[in-house]
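Novice: Have a peek at input-v5.csv (CSV, N, CA and C atoms).
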chain,number,residue,atom,x,y,z
N,1408,MET,N,82.7,40.9,-109.4
N,1408,MET,CA,83.2,40.0,-108.5
N,1408,MET,C,84.3,40.6,-107.7
N,1409,MET,N,85.1,41.4,-108.3
N,1409,MET,CA,86.3,42.0,-107.7
N,1409,MET,C,85.8,43.0,-106.6
N,1410,LYS,N,84.6,43.6,-106.9
N,1410,LYS,CA,84.1,44.5,-106.0
N,1410,LYS,C,83.7,43.8,-104.7
N,1411,ASN,N,83.1,42.6,-104.8
N,1411,ASN,CA,82.7,41.9,-103.6
N,1411,ASN,C,83.9,41.4,-102.8
N,1412,LYS,N,85.0,41.1,-103.4
N,1412,LYS,CA,86.2,40.7,-102.7
N,1412,LYS,C,86.8,41.8,-101.9
N,1413,SER,N,86.8,43.0,-102.5
N,1413,SER,CA,87.4,44.1,-101.8
N,1413,SER,C,86.5,44.5,-100.6
N,1414,ILE,N,85.2,44.4,-100.7
N,1414,ILE,CA,84.3,44.7,-99.6
N,1414,ILE,C,84.5,43.7,-98.5
N,1415,ALA,N,84.7,42.4,-98.8
N,1415,ALA,CA,84.9,41.4,-97.8
N,1415,ALA,C,86.2,41.6,-97.1
N,1416,SER,N,87.2,42.0,-97.9
N,1416,SER,CA,88.6,42.2,-97.2
N,1416,SER,C,88.6,43.4,-96.4
N,1417,ILE,N,87.8,44.4,-96.7
N,1417,ILE,CA,87.7,45.6,-95.9
N,1417,ILE,C,87.0,45.3,-94.5
N,1418,LYS,N,85.9,44.5,-94.6
N,1418,LYS,CA,85.2,44.1,-93.4
N,1418,LYS,C,86.1,43.3,-92.5
N,1419,LEU,N,86.9,42.4,-93.1
N,1419,LEU,CA,87.8,41.5,-92.3
N,1419,LEU,C,88.9,42.4,-91.7
N,1420,HIS,N,89.4,43.4,-92.4
N,1420,HIS,CA,90.4,44.3,-91.9
N,1420,HIS,C,89.9,45.1,-90.7
N,1421,GLN,N,88.6,45.5,-90.8
N,1421,GLN,CA,88.0,46.3,-89.7
N,1421,GLN,C,87.8,45.4,-88.5
N,1422,ARG,N,87.5,44.2,-88.7
N,1422,ARG,CA,87.3,43.3,-87.5
N,1422,ARG,C,88.6,43.1,-86.8
N,1423,HIS,N,89.7,43.0,-87.5
N,1423,HIS,CA,91.0,42.9,-86.9
N,1423,HIS,C,91.4,44.1,-86.1
N,1424,GLN,N,91.0,45.3,-86.6
N,1424,GLN,CA,91.3,46.5,-85.9
N,1424,GLN,C,90.5,46.7,-84.6
N,1425,GLN,N,89.3,46.1,-84.6
N,1425,GLN,CA,88.5,46.2,-83.4
N,1425,GLN,C,88.7,45.1,-82.4
N,1426,LYS,N,89.6,44.2,-82.6
N,1426,LYS,CA,89.9,43.1,-81.7
N,1426,LYS,C,90.3,43.7,-80.4
N,1427,GLY,N,89.7,43.4,-79.3
N,1427,GLY,CA,90.1,43.9,-77.9
N,1427,GLY,C,89.4,45.1,-77.5
N,1428,ALA,N,88.6,45.7,-78.4
N,1428,ALA,CA,87.9,46.9,-78.0
N,1428,ALA,C,86.8,46.6,-76.9
N,1429,VAL,N,86.2,45.5,-77.0
N,1429,VAL,CA,85.2,45.1,-76.0
N,1429,VAL,C,85.9,44.9,-74.6
N,1430,LEU,N,87.1,44.3,-74.6
N,1430,LEU,CA,87.8,44.1,-73.4
N,1430,LEU,C,88.2,45.4,-72.8
N,1431,LEU,N,88.7,46.4,-73.6
N,1431,LEU,CA,89.0,47.7,-73.1
N,1431,LEU,C,87.8,48.4,-72.5
N,1432,GLU,N,86.7,48.3,-73.2
N,1432,GLU,CA,85.5,48.9,-72.7
N,1432,GLU,C,85.1,48.3,-71.3
N,1433,ALA,N,85.2,47.0,-71.2
N,1433,ALA,CA,84.9,46.3,-70.0
N,1433,ALA,C,85.8,46.7,-68.8
N,1434,LEU,N,87.1,46.9,-69.1
N,1434,LEU,CA,88.0,47.3,-68.1
N,1434,LEU,C,87.7,48.7,-67.6
N,1435,ILE,N,87.4,49.6,-68.5
N,1435,ILE,CA,87.0,51.0,-68.2
N,1435,ILE,C,85.7,51.0,-67.3
N,1436,ALA,N,84.8,50.1,-67.7
N,1436,ALA,CA,83.6,50.0,-66.9
N,1436,ALA,C,83.8,49.6,-65.5
N,1437,VAL,N,84.7,48.6,-65.3
N,1437,VAL,CA,85.1,48.1,-64.0
N,1437,VAL,C,85.8,49.1,-63.2
N,1438,LEU,N,86.7,49.9,-63.9
N,1438,LEU,CA,87.4,51.0,-63.2
N,1438,LEU,C,86.4,52.1,-62.7
N,1439,ILE,N,85.4,52.4,-63.5
N,1439,ILE,CA,84.4,53.4,-63.0
N,1439,ILE,C,83.6,52.9,-61.9
N,1440,PHE,N,83.2,51.6,-62.0
N,1440,PHE,CA,82.4,51.0,-60.9
N,1440,PHE,C,83.2,50.9,-59.6
N,1441,SER,N,84.5,50.6,-59.7
N,1441,SER,CA,85.4,50.6,-58.5
N,1441,SER,C,85.5,51.9,-57.8
N,1442,PHE,N,85.6,53.0,-58.6
N,1442,PHE,CA,85.7,54.3,-58.0
N,1442,PHE,C,84.3,54.6,-57.3
N,1443,GLY,N,83.2,54.2,-57.9
N,1443,GLY,CA,81.9,54.4,-57.2
N,1443,GLY,C,81.8,53.7,-55.9
N,1444,ILE,N,82.3,52.4,-55.9
N,1444,ILE,CA,82.3,51.7,-54.7
N,1444,ILE,C,83.1,52.3,-53.6
N,1445,LEU,N,84.3,52.8,-54.0
N,1445,LEU,CA,85.2,53.4,-53.0
N,1445,LEU,C,84.6,54.7,-52.5
N,1446,ALA,N,83.9,55.4,-53.3
N,1446,ALA,CA,83.2,56.7,-52.8
N,1446,ALA,C,82.1,56.3,-51.8
N,1447,ILE,N,81.4,55.3,-52.1
N,1447,ILE,CA,80.3,54.9,-51.2
N,1447,ILE,C,80.8,54.4,-49.9
N,1448,SER,N,81.9,53.6,-49.9
N,1448,SER,CA,82.5,53.1,-48.6
N,1448,SER,C,83.1,54.3,-47.8
N,1449,GLY,N,83.6,55.3,-48.5
N,1449,GLY,CA,84.1,56.5,-47.8
N,1449,GLY,C,83.0,57.3,-47.1
N,1450,LEU,N,81.9,57.4,-47.8
N,1450,LEU,CA,80.7,58.1,-47.3
N,1450,LEU,C,80.1,57.3,-46.1
N,1451,GLN,N,80.2,56.0,-46.2
N,1451,GLN,CA,79.7,55.2,-45.0
N,1451,GLN,C,80.5,55.3,-43.8
N,1452,GLY,N,81.9,55.4,-44.0
N,1452,GLY,CA,82.8,55.6,-42.9
N,1452,GLY,C,82.5,57.0,-42.2
N,1453,ALA,N,82.3,58.0,-43.0
N,1453,ALA,CA,82.0,59.4,-42.5
N,1453,ALA,C,80.7,59.4,-41.8
N,1454,MET,N,79.7,58.6,-42.3
N,1454,MET,CA,78.4,58.6,-41.7
N,1454,MET,C,78.5,57.9,-40.3
N,1455,MET,N,79.3,56.9,-40.2
N,1455,MET,CA,79.4,56.2,-38.9
N,1455,MET,C,80.1,57.1,-37.9
N,1456,LYS,N,81.1,57.8,-38.3
N,1456,LYS,CA,81.8,58.8,-37.4
N,1456,LYS,C,80.8,59.9,-37.0
N,1457,ASN,N,80.0,60.4,-37.9
N,1457,ASN,CA,79.1,61.5,-37.5
N,1457,ASN,C,78.0,60.9,-36.6
N,1458,THR,N,77.6,59.7,-36.8
N,1458,THR,CA,76.6,59.1,-35.9
N,1458,THR,C,77.1,58.9,-34.5
N,1459,ALA,N,78.4,58.5,-34.4
N,1459,ALA,CA,79.0,58.4,-33.0
N,1459,ALA,C,79.2,59.7,-32.4
N,1460,ASP,N,79.5,60.8,-33.1
N,1460,ASP,CA,79.6,62.1,-32.6
N,1460,ASP,C,78.3,62.6,-32.1
N,1461,ALA,N,77.2,62.3,-32.8
N,1461,ALA,CA,75.9,62.8,-32.4
N,1461,ALA,C,75.4,62.0,-31.1
N,1462,THR,N,75.8,60.7,-31.0
N,1462,THR,CA,75.5,60.0,-29.8
N,1462,THR,C,76.2,60.6,-28.6
N,1463,TYR,N,77.5,60.9,-28.8
N,1463,TYR,CA,78.2,61.5,-27.7
N,1463,TYR,C,77.6,62.9,-27.3
N,1464,ARG,N,77.2,63.7,-28.2
N,1464,ARG,CA,76.6,65.0,-27.9
N,1464,ARG,C,75.3,64.8,-27.2
N,1465,ALA,N,74.5,63.8,-27.6
N,1465,ALA,CA,73.2,63.5,-26.9
N,1465,ALA,C,73.5,63.0,-25.5
N,1466,GLU,N,74.5,62.2,-25.3
N,1466,GLU,CA,74.9,61.7,-23.9
N,1466,GLU,C,75.4,62.9,-23.1
N,1467,ALA,N,76.1,63.8,-23.7
N,1467,ALA,CA,76.6,65.0,-22.9
N,1467,ALA,C,75.4,65.8,-22.5
N,1468,ALA,N,74.4,66.0,-23.3
N,1468,ALA,CA,73.2,66.8,-23.0
N,1468,ALA,C,72.4,66.1,-21.8
N,1469,TYR,N,72.4,64.8,-21.9
N,1469,TYR,CA,71.7,64.0,-20.9
N,1469,TYR,C,72.4,64.1,-19.5
N,1470,VAL,N,73.7,64.1,-19.5
N,1470,VAL,CA,74.5,64.2,-18.3
N,1470,VAL,C,74.3,65.6,-17.7
N,1471,VAL,N,74.2,66.7,-18.5
N,1471,VAL,CA,73.9,68.0,-18.0
N,1471,VAL,C,72.5,68.1,-17.4
N,1472,GLN,N,71.6,67.5,-18.0
N,1472,GLN,CA,70.2,67.5,-17.5
N,1472,GLN,C,70.1,66.7,-16.2
N,1473,GLN,N,70.9,65.6,-16.1
N,1473,GLN,CA,70.9,64.9,-14.8
N,1473,GLN,C,71.5,65.8,-13.7
N,1474,GLN,N,72.6,66.4,-14.0
N,1474,GLN,CA,73.2,67.3,-13.0
N,1474,GLN,C,72.3,68.4,-12.6
N,1475,LEU,N,71.7,69.0,-13.6
N,1475,LEU,CA,70.7,70.1,-13.3
N,1475,LEU,C,69.6,69.6,-12.4
N,1476,GLY,N,69.1,68.4,-12.7
N,1476,GLY,CA,68.0,67.9,-11.9
N,1476,GLY,C,68.4,67.6,-10.5
N,1477,ASN,N,69.7,67.2,-10.3
N,1477,ASN,CA,70.2,67.0,-8.9
N,1477,ASN,C,70.3,68.3,-8.2
N,1478,MET,N,70.7,69.3,-8.9
N,1478,MET,CA,70.9,70.6,-8.3
N,1478,MET,C,69.5,71.2,-7.9
N,1479,LEU,N,68.5,71.0,-8.7
N,1479,LEU,CA,67.2,71.5,-8.4
N,1479,LEU,C,66.5,70.7,-7.2
N,1480,ALA,N,66.8,69.4,-7.2
N,1480,ALA,CA,66.3,68.5,-6.1
N,1480,ALA,C,66.9,68.8,-4.8
N,1481,TYR,N,68.2,69.1,-4.8
N,1481,TYR,CA,68.9,69.4,-3.5
N,1481,TYR,C,69.6,70.8,-3.6
N,1482,PRO,N,68.8,71.8,-3.4
N,1482,PRO,CA,69.4,73.2,-3.6
N,1482,PRO,C,70.3,73.6,-2.5
N,1483,ILE,N,70.3,72.9,-1.4
N,1483,ILE,CA,71.3,73.2,-0.3
N,1483,ILE,C,72.7,73.0,-0.8
N,1484,GLY,N,72.9,72.0,-1.6
N,1484,GLY,CA,74.2,71.7,-2.1
N,1484,GLY,C,74.7,72.5,-3.2
N,1485,LEU,N,74.0,73.5,-3.6
N,1485,LEU,CA,74.4,74.3,-4.7
N,1485,LEU,C,75.8,75.0,-4.4
N,1486,GLY,N,76.8,74.6,-5.1
N,1486,GLY,CA,78.1,75.1,-4.8
N,1486,GLY,C,78.7,75.8,-5.9
N,1487,GLY,N,79.9,76.0,-5.8
N,1487,GLY,CA,80.7,76.7,-6.9
N,1487,GLY,C,81.2,75.8,-7.9
N,1488,ASN,N,82.5,75.9,-8.1
N,1488,ASN,CA,83.1,75.1,-9.2
N,1488,ASN,C,83.4,73.7,-8.8
N,1489,GLN,N,83.0,72.8,-9.6
N,1489,GLN,CA,83.3,71.4,-9.3
N,1489,GLN,C,83.5,70.6,-10.7
N,1490,SER,N,84.3,69.6,-10.6
N,1490,SER,CA,84.5,68.8,-11.8
N,1490,SER,C,84.4,67.3,-11.5
N,1491,MET,N,83.9,66.5,-12.4
N,1491,MET,CA,83.7,65.1,-12.2
N,1491,MET,C,83.8,64.3,-13.5
N,1492,PRO,N,84.2,63.1,-13.4
N,1492,PRO,CA,84.3,62.3,-14.6
N,1492,PRO,C,82.9,61.8,-15.1
N,1493,VAL,N,82.8,61.6,-16.4
N,1493,VAL,CA,81.6,61.1,-17.0
N,1493,VAL,C,81.9,59.7,-17.6
N,1494,ALA,N,81.2,58.7,-17.0
N,1494,ALA,CA,81.6,57.3,-17.4
N,1494,ALA,C,81.1,57.0,-18.8
N,1495,ASN,N,80.1,57.5,-19.3
N,1495,ASN,CA,79.5,57.1,-20.6
N,1495,ASN,C,80.2,57.8,-21.8
N,1496,LEU,N,81.1,58.7,-21.6
N,1496,LEU,CA,81.8,59.3,-22.7
N,1496,LEU,C,83.3,59.0,-22.6
N,1497,PRO,N,84.0,58.8,-23.8
N,1497,PRO,CA,85.4,58.5,-23.8
N,1497,PRO,C,86.2,59.7,-23.2
N,1498,ASN,N,87.0,59.4,-22.2
N,1498,ASN,CA,87.7,60.5,-21.5
N,1498,ASN,C,86.9,61.6,-21.1
N,1499,GLY,N,85.6,61.4,-20.7
N,1499,GLY,CA,84.7,62.4,-20.4
N,1499,GLY,C,84.8,63.0,-19.1
N,1500,THR,N,84.6,64.4,-19.0
N,1500,THR,CA,84.6,65.1,-17.7
N,1500,THR,C,83.5,66.1,-17.8
N,1501,MET,N,83.0,66.5,-16.6
N,1501,MET,CA,82.0,67.6,-16.6
N,1501,MET,C,82.4,68.5,-15.5
N,1502,ALA,N,82.4,69.8,-15.9
N,1502,ALA,CA,82.7,70.9,-15.0
N,1502,ALA,C,81.5,71.8,-14.8
N,1503,THR,N,81.2,72.1,-13.5
N,1503,THR,CA,80.2,73.0,-13.2
N,1503,THR,C,80.8,74.3,-12.6
N,1504,ARG,N,80.5,75.4,-13.2
N,1504,ARG,CA,81.0,76.7,-12.7
N,1504,ARG,C,79.9,77.6,-12.3
N,1505,LEU,N,80.1,78.3,-11.2
N,1505,LEU,CA,79.2,79.3,-10.8
N,1505,LEU,C,79.6,80.6,-11.4
N,1506,LEU,N,78.8,81.1,-12.3
N,1506,LEU,CA,79.1,82.4,-13.1
N,1506,LEU,C,78.7,83.6,-12.2
N,1507,SER,N,77.6,83.6,-11.6
N,1507,SER,CA,77.1,84.7,-10.7
N,1507,SER,C,76.1,84.0,-9.8
N,1508,GLU,N,75.5,84.8,-9.0
N,1508,GLU,CA,74.6,84.3,-8.0
N,1508,GLU,C,73.4,83.6,-8.8
N,1509,GLY,N,73.3,82.3,-8.6
N,1509,GLY,CA,72.2,81.6,-9.2
N,1509,GLY,C,72.4,81.2,-10.7
N,1510,ARG,N,73.5,81.6,-11.2
N,1510,ARG,CA,73.7,81.3,-12.7
N,1510,ARG,C,74.9,80.3,-12.8
N,1511,TYR,N,74.7,79.2,-13.5
N,1511,TYR,CA,75.7,78.1,-13.6
N,1511,TYR,C,76.0,77.8,-15.0
N,1512,GLN,N,77.2,77.4,-15.2
N,1512,GLN,CA,77.6,76.9,-16.6
N,1512,GLN,C,78.1,75.5,-16.4
N,1513,PHE,N,77.6,74.6,-17.3
N,1513,PHE,CA,78.0,73.2,-17.4
N,1513,PHE,C,78.8,73.0,-18.6
N,1514,ILE,N,80.0,72.4,-18.5
N,1514,ILE,CA,80.9,72.1,-19.6
N,1514,ILE,C,81.2,70.6,-19.6
N,1515,VAL,N,80.7,69.9,-20.6
N,1515,VAL,CA,81.1,68.5,-20.7
N,1515,VAL,C,82.1,68.4,-21.8
N,1516,SER,N,83.2,67.7,-21.6
N,1516,SER,CA,84.1,67.5,-22.6
N,1516,SER,C,84.5,66.0,-22.7
N,1517,TRP,N,84.8,65.6,-23.9
N,1517,TRP,CA,85.2,64.2,-24.2
N,1517,TRP,C,86.2,64.2,-25.4
N,1518,GLN,N,86.9,63.1,-25.5
N,1518,GLN,CA,87.9,63.0,-26.6
N,1518,GLN,C,88.0,61.5,-27.0
N,1519,THR,N,87.6,61.2,-28.2
N,1519,THR,CA,87.8,59.9,-28.8
N,1519,THR,C,89.2,59.8,-29.3
N,1520,PRO,N,89.8,58.6,-29.4
N,1520,PRO,CA,91.2,58.5,-29.9
N,1520,PRO,C,91.4,59.0,-31.3
N,1521,GLY,N,92.4,59.8,-31.4
N,1521,GLY,CA,92.7,60.4,-32.7
N,1521,GLY,C,91.9,61.6,-33.1
N,1522,GLU,N,91.1,62.1,-32.2
N,1522,GLU,CA,90.2,63.2,-32.5
N,1522,GLU,C,90.5,64.4,-31.6
N,1523,PRO,N,90.1,65.6,-31.9
N,1523,PRO,CA,90.3,66.7,-31.0
N,1523,PRO,C,89.2,66.6,-29.9
N,1524,VAL,N,89.4,67.4,-28.8
N,1524,VAL,CA,88.5,67.4,-27.7
N,1524,VAL,C,87.2,68.1,-28.1
N,1525,HIS,N,86.1,67.4,-27.8
N,1525,HIS,CA,84.7,68.0,-28.1
N,1525,HIS,C,84.2,68.5,-26.8
N,1526,THR,N,83.4,69.6,-26.9
N,1526,THR,CA,82.7,70.1,-25.7
N,1526,THR,C,81.3,70.4,-25.9
N,1527,TYR,N,80.5,70.3,-24.9
N,1527,TYR,CA,79.1,70.7,-24.9
N,1527,TYR,C,78.9,71.6,-23.7
N,1528,GLN,N,78.3,72.8,-23.9
N,1528,GLN,CA,78.2,73.8,-22.9
N,1528,GLN,C,76.7,74.1,-22.7
N,1529,ALA,N,76.3,74.4,-21.5
N,1529,ALA,CA,75.0,74.8,-21.2
N,1529,ALA,C,75.0,75.8,-20.0
N,1530,VAL,N,74.2,76.8,-20.1
N,1530,VAL,CA,74.2,77.8,-19.0
N,1530,VAL,C,72.7,77.9,-18.5
N,1531,THR,N,72.6,77.9,-17.2
N,1531,THR,CA,71.2,78.0,-16.6
N,1531,THR,C,71.2,78.9,-15.4
N,1532,SER,N,70.0,79.3,-15.0
N,1532,SER,CA,69.8,80.1,-13.8
N,1532,SER,C,69.0,79.3,-12.8
N,1533,ILE,N,69.4,79.2,-11.6
N,1533,ILE,CA,68.6,78.5,-10.6
N,1533,ILE,C,68.4,79.5,-9.4
N,1534,PHE,N,67.2,79.8,-9.1
N,1534,PHE,CA,66.9,80.7,-8.0
N,1534,PHE,C,66.1,79.8,-7.0
N,1535,THR,N,66.5,80.0,-5.8
N,1535,THR,CA,65.8,79.2,-4.7
N,1535,THR,C,65.1,80.2,-3.8
N,1536,ALA,N,64.1,79.7,-3.1
N,1536,ALA,CA,63.4,80.6,-2.1
N,1536,ALA,C,64.2,80.7,-0.9
N,1537,ARG,N,64.2,81.9,-0.3
N,1537,ARG,CA,65.0,82.1,0.9
N,1537,ARG,C,64.2,82.2,2.1
Give the structure from this file in structure tokens form.
Specialist:
Amino acid sequence: MMKNKSIASIKLHQRHQQKGAVLLEALIAVLIFSFGILAISGLQGAMMKNTADATYRAEAAYVVQQQLGNMLAYPIGLGGNQSMPVANLPNGTMATRLLSEGRYQFIVSWQTPGEPVHTYQAVTSIFTAR
């Protein structure tokens, strides 16, 4: 009988020592989950920024193609250096430089708030019949 009493008291003592262990495990699980959510939200923010940058680069390439098309359509107006604003890019400008006879460089630059200046460059050769 004494043996049964000591086993019962040991089990009761072990239960008192484990009180709050489940709460501690739950708090640690919530902490780990919170760090995971923070990491995912950080990745989403970076993804949105990279998507905007890719959109601006695509717009810059499109602007260069438009300017090149205008130069091919109206070869009489092929001139030297010129600069113009680009409406679809934040603080966007496009510069066209004559590198040598028939060879042109297009530089499109833009800057979003809080970011460094981004540039897109293209070089092409345009030869016209004389």
Novice: Near Gly1499 in chain N, counting only C-alpha atoms, which residues have an atom at most 10 Å away, once you skip same-chain residues fewer than 5 positions from it, shown as a list in words?
Specialist: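 Those residues are Tyr1463, Ala1467, Met1491, Pro1492, Val1493, Ala1494, Val1515, Ser1516, Trp1517, Gln1518, Thr1519, Val1524, His1525 and Thr1526 of chain N.
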Novice: By how many Å are atom N of Met1478 in chain N and CA of Ala1461 in chain N apart?
Specialist: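 Separation between atom N of Met1478 in chain N and CA of Ala1461 in chain N: 24.9 Å.
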Novice: Can you list, as number ranges by chain, all residues belonging to range 1418-1510 of chain N that DSSP tags as helix (DSSP H, G or I)?
Specialist: N: 1418-1424, 1428-1480, 1482-1484
Novice: So what do you get for atom N of Leu1438 in chain N versus atom N of Met1454 in chain N, distance-wise?
Specialist: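 Distance between the two atoms: 24.3 Å.
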Novice: Suppose you want the space between CA of Ile1439 in chain N and CA of Asn1457 in chain N; what is it in Å?
Specialist: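 For CA of Ile1439 in chain N relative to CA of Asn1457 in chain N, the distance reads 27.3 Å.
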Novice: Produce range 1486-1502 of chain N of the given structure as output with N, CA and C atoms, as a PDB file, in the first residue's frame.
Specialist:
ATOM      1  N   GLY N1486      19.490  63.786 -86.496  1.00  0.00           N
ATOM      2  CA  GLY N1486      20.387  64.829 -86.026  1.00  0.00           C
ATOM      3  C   GLY N1486      21.362  64.287 -85.029  1.00  0.00           C
ATOM      4  N   GLY N1487      21.964  65.198 -84.323  1.00  0.00           N
ATOM      5  CA  GLY N1487      22.967  64.832 -83.342  1.00  0.00           C
ATOM      6  C   GLY N1487      22.351  64.607 -81.979  1.00  0.00           C
ATOM      7  N   ASN N1488      22.868  65.325 -81.045  1.00  0.00           N
ATOM      8  CA  ASN N1488      22.483  65.116 -79.655  1.00  0.00           C
ATOM      9  C   ASN N1488      21.179  65.843 -79.345  1.00  0.00           C
ATOM     10  N   GLN N1489      20.281  65.137 -78.718  1.00  0.00           N
ATOM     11  CA  GLN N1489      19.026  65.742 -78.281  1.00  0.00           C
ATOM     12  C   GLN N1489      18.550  65.067 -77.009  1.00  0.00           C
ATOM     13  N   SER N1490      17.773  65.778 -76.233  1.00  0.00           N
ATOM     14  CA  SER N1490      17.250  65.243 -74.979  1.00  0.00           C
ATOM     15  C   SER N1490      15.790  65.626 -74.861  1.00  0.00           C
ATOM     16  N   MET N1491      14.991  64.718 -74.310  1.00  0.00           N
ATOM     17  CA  MET N1491      13.554  64.992 -74.154  1.00  0.00           C
ATOM     18  C   MET N1491      13.019  64.262 -72.929  1.00  0.00           C
ATOM     19  N   PRO N1492      11.953  64.789 -72.345  1.00  0.00           N
ATOM     20  CA  PRO N1492      11.362  64.090 -71.190  1.00  0.00           C
ATOM     21  C   PRO N1492      10.565  62.867 -71.640  1.00  0.00           C
ATOM     22  N   VAL N1493      10.441  61.918 -70.731  1.00  0.00           N
ATOM     23  CA  VAL N1493       9.645  60.705 -70.973  1.00  0.00           C
ATOM     24  C   VAL N1493       8.511  60.722 -69.966  1.00  0.00           C
ATOM     25  N   ALA N1494       7.296  60.798 -70.458  1.00  0.00           N
ATOM     26  CA  ALA N1494       6.139  60.992 -69.578  1.00  0.00           C
ATOM     27  C   ALA N1494       5.798  59.753 -68.747  1.00  0.00           C
ATOM     28  N   ASN N1495       6.036  58.562 -69.284  1.00  0.00           N
ATOM     29  CA  ASN N1495       5.596  57.346 -68.605  1.00  0.00           C
ATOM     30  C   ASN N1495       6.559  56.829 -67.540  1.00  0.00           C
ATOM     31  N   LEU N1496       7.685  57.514 -67.352  1.00  0.00           N
ATOM     32  CA  LEU N1496       8.663  57.116 -66.347  1.00  0.00           C
ATOM     33  C   LEU N1496       8.798  58.220 -65.309  1.00  0.00           C
ATOM     34  N   PRO N1497       8.964  57.874 -64.034  1.00  0.00           N
ATOM     35  CA  PRO N1497       9.118  58.915 -63.007  1.00  0.00           C
ATOM     36  C   PRO N1497      10.436  59.662 -63.196  1.00  0.00           C
ATOM     37  N   ASN N1498      10.337  60.970 -63.369  1.00  0.00           N
ATOM     38  CA  ASN N1498      11.501  61.830 -63.644  1.00  0.00           C
ATOM     39  C   ASN N1498      12.294  61.302 -64.831  1.00  0.00           C
ATOM     40  N   GLY N1499      11.591  60.831 -65.854  1.00  0.00           N
ATOM     41  CA  GLY N1499      12.239  60.176 -66.988  1.00  0.00           C
ATOM     42  C   GLY N1499      12.720  61.145 -68.043  1.00  0.00           C
ATOM     43  N   THR N1500      13.899  60.870 -68.578  1.00  0.00           N
ATOM     44  CA  THR N1500      14.451  61.627 -69.706  1.00  0.00           C
ATOM     45  C   THR N1500      15.083  60.637 -70.677  1.00  0.00           C
ATOM     46  N   MET N1501      15.110  61.053 -71.961  1.00  0.00           N
ATOM     47  CA  MET N1501      15.785  60.247 -72.971  1.00  0.00           C
ATOM     48  C   MET N1501      16.731  61.147 -73.738  1.00  0.00           C
ATOM     49  N   ALA N1502      17.966  60.700 -73.855  1.00  0.00           N
ATOM     50  CA  ALA N1502      18.974  61.426 -74.614  1.00  0.00           C
ATOM     51  C   ALA N1502      19.389  60.583 -75.807  1.00  0.00           C
TER      52      ALA N1502
END
